[in-house]
Amino acid sequence: MERRSRKIRKTESPLKSRIDEFPTALLRSIFNRLNFNELVQARSVCCSWNLLGEELVSNIPWLMLPSKKQVEEGDGNYVDNNGYHGFWNMRENRLYSLKTAPKEFRECCCIGSSRGWLVFLQEKTVPFLFNPFKQVKIELPSVDRLLGLKKMVRNMDGEFELDYFNSEEESRRFWFKSCPKQRVRECFIQKAVITKKPENNNYGLILLCNNSEEIAYQASGSNHWTVLEASHPPYQDIICNGNYLYALSDNNSIEVWDLHIRGGRVEKKSDIVFRFPDRSLAKLNSLRDVCTMRFYLVESCGDLLFVVRFIGDYVDWDGTLLSEHDLLTEDCSHPKVCPYRTFLFHVYKMDFKELKWVEMDTLGDRALFVGGNQSVSVSTWCFLNCKKDCIYFSDDCWEKMEEDYLYGGHDMGIYNLNDGSLKPIYEFSSDKIQPPPCWIIPDPVMLES
């Protein structure tokens, strides 16, 4: 009995409370020098260390990657590998591999990344939010009616078997009965954006879906999806800023909706078609036969940015843009393999008085992240090891990823807007990377406020 009382007194030692009261500024300075594994271990010491460690872990931009071994040893004939298997830490330039990938990574299709959360679509067309660092999962109402899918079941080969509500093929958007995960992203859901951090319990999810022709909204606590009144489909990008949703269409128009009208209604506020920037139009016209473009909307320090990404259809190892005809040579029995690659970005800022796009030569101390994630701008002062004036991009050419068994998902890198240089982020020896790498970016509003 006496031995037991001594044990109790030992656990109630004031040492723990002293550690818990360690000055926050000094502790933050120490924690900023720790690597990811050390941060995880430090979080177990006490409550205040756990909170600060969680904050710093979630403040790091991560690149979610498939297994390097499986990508490089694959022969290109597999339908899908076992999903995402690791995270590239931007602050440390280091890969953290998962010993056992979560079921969500292996069996479900990632359809978006927003505010530090991932959005997946699982069997029975049920989407869910997943925080990979807190291991928190939030299931959402089914999108079966929205996508027109009566059945979506994963088979032994890793493909999804599909059945449609509409039995008439002529009146359906899609006709295929089975597809790999990446085709789900290409055809059914192209982007997913969260309106606010889910921890607030007052958020919504917005989907760009059905070949980018429809935009759907679901508010937390609601059991149904609202298809918004869209005037200019298809759309290239969607972002949420404050209470407003912005949608950028192929014809360079921007539609704006207010998501927080009383009674749960969503109201369109504006619909403006802008003149396409002359510089980007001239560049496209000069390279129309050898490249395509993608557009992004980004909110940055109160400004609305328009980002134009130029992607060469076939790019040789030295960066030369080729046409399809150039791939066939007389002295070669097989066509040259030249994957599509990003080679240029233009960035513009909206002049709200003149209602026109103004070209930007610099991003200042900002960096942009674009791709399959929600397009964001971050301060390089808050995001350690991010380079200012740079655009970090991942592959979101869903329609091109399955064109060739030798490449797809590979188009990622860092573009310097100041000098036009391109650098790799993380390199595989293969250009066939499935599933494609995806950015996980913390909510910049939480870091910069």
# chains A, B, ... in the order shown; residues from 1 in each chain; ligands from 1
>>> residues_around(residues="Asn385 in chain A", least_positions_apart="6", cutoff="10 Å", atoms="only C-alpha atoms", output="list of chain:residue names")
A:Ile60, A:Pro61, A:Asn89, A:Met90, A:Arg91, A:Glu92, A:Asn93
>>> write_last_selection(atoms="N, CA and C atoms", output="PDB file, in the first residue's frame")
ATOM      1  N   ILE A  60       2.788  22.375 -42.987  1.00  0.00           N
ATOM      2  CA  ILE A  60       3.781  21.983 -43.980  1.00  0.00           C
ATOM      3  C   ILE A  60       3.070  21.554 -45.263  1.00  0.00           C
ATOM      4  N   PRO A  61       3.438  22.126 -46.426  1.00  0.00           N
ATOM      5  CA  PRO A  61       2.895  21.594 -47.687  1.00  0.00           C
ATOM      6  C   PRO A  61       3.449  20.189 -47.937  1.00  0.00           C
ATOM      7  N   ASN A  89       7.822  15.725 -47.808  1.00  0.00           N
ATOM      8  CA  ASN A  89       7.815  16.859 -46.899  1.00  0.00           C
ATOM      9  C   ASN A  89       8.576  18.016 -47.535  1.00  0.00           C
ATOM     10  N   MET A  90       7.853  19.094 -47.843  1.00  0.00           N
ATOM     11  CA  MET A  90       8.469  20.234 -48.523  1.00  0.00           C
ATOM     12  C   MET A  90       9.515  20.919 -47.656  1.00  0.00           C
ATOM     13  N   ARG A  91       9.302  20.942 -46.355  1.00  0.00           N
ATOM     14  CA  ARG A  91      10.219  21.657 -45.478  1.00  0.00           C
ATOM     15  C   ARG A  91      11.561  20.941 -45.373  1.00  0.00           C
ATOM     16  N   GLU A  92      11.519  19.616 -45.358  1.00  0.00           N
ATOM     17  CA  GLU A  92      12.743  18.831 -45.183  1.00  0.00           C
ATOM     18  C   GLU A  92      13.280  18.251 -46.478  1.00  0.00           C
ATOM     19  N   ASN A  93      12.480  18.360 -47.577  1.00  0.00           N
ATOM     20  CA  ASN A  93      12.840  17.680 -48.826  1.00  0.00           C
ATOM     21  C   ASN A  93      13.097  16.201 -48.558  1.00  0.00           C
TER      22      ASN A  93
END
>>> atom_distance(atom1="CA of Glu38 in chain A", atom2="CA of Ala25 in chain A")
18.3 Å
>>> residues_around(residues="range 303-312 of chain A", least_positions_apart="4", cutoff="7 Å", atoms="only C-alpha atoms", output="number ranges by chain")
A: 290-299, 321, 340-350
>>> select_by_dssp(residues="range 235-442 of chain A", states="strand (DSSP E)", output="ChimeraX atom specification")
/A:235-241,244-249,253-258,267-273,291-300,303-312,314-315,321-322,341-351,356-359,366-370,376-379,390-393,407-408,413-416,422-423,431-432,438-440
>>> residues_around(residues="range 214-228 of chain A", least_positions_apart="3", cutoff="9 Å", atoms="only C-alpha atoms", output="PyMOL selection string")
chain A and resi 140-143+146+198+201-211+233-235+238+247+257+259+264+266-268
>>> select_by_dssp(residues="range 22-177 of chain A", states="alpha helix (DSSP H)", output="PyMOL selection string")
chain A and resi 24-31+36-42+47-58+68-73+103-107+144-147
>>> closest_residue(among="A:Arg154, A:Leu118, A:Asp278, A:Ile254", to="Glu139 in chain A", atoms="only C-alpha atoms")
A:Leu118
>>> atom_distance(atom1="CA of Lys99 in chain A", atom2="CA of Gly86 in chain A")
8.9 Å
>>> atom_distance(atom1="CA of Val71 in chain A", atom2="CA of Glu403 in chain A")
17.3 Å
>>> residues_around(residues="Lys150 in chain A", least_positions_apart="3", cutoff="6 Å", atoms="only C-alpha atoms", output="list in words")
Asp163, Tyr164 and Phe165 of chain A
>>> residues_around(residues="Arg173 in chain A", least_positions_apart="4", cutoff="10 Å", atoms="only C-alpha atoms", output="list in words")
Leu147, Gly148, Asn166, Glu169, Cys187, Phe188, Asn210 and Asn211 of chain A
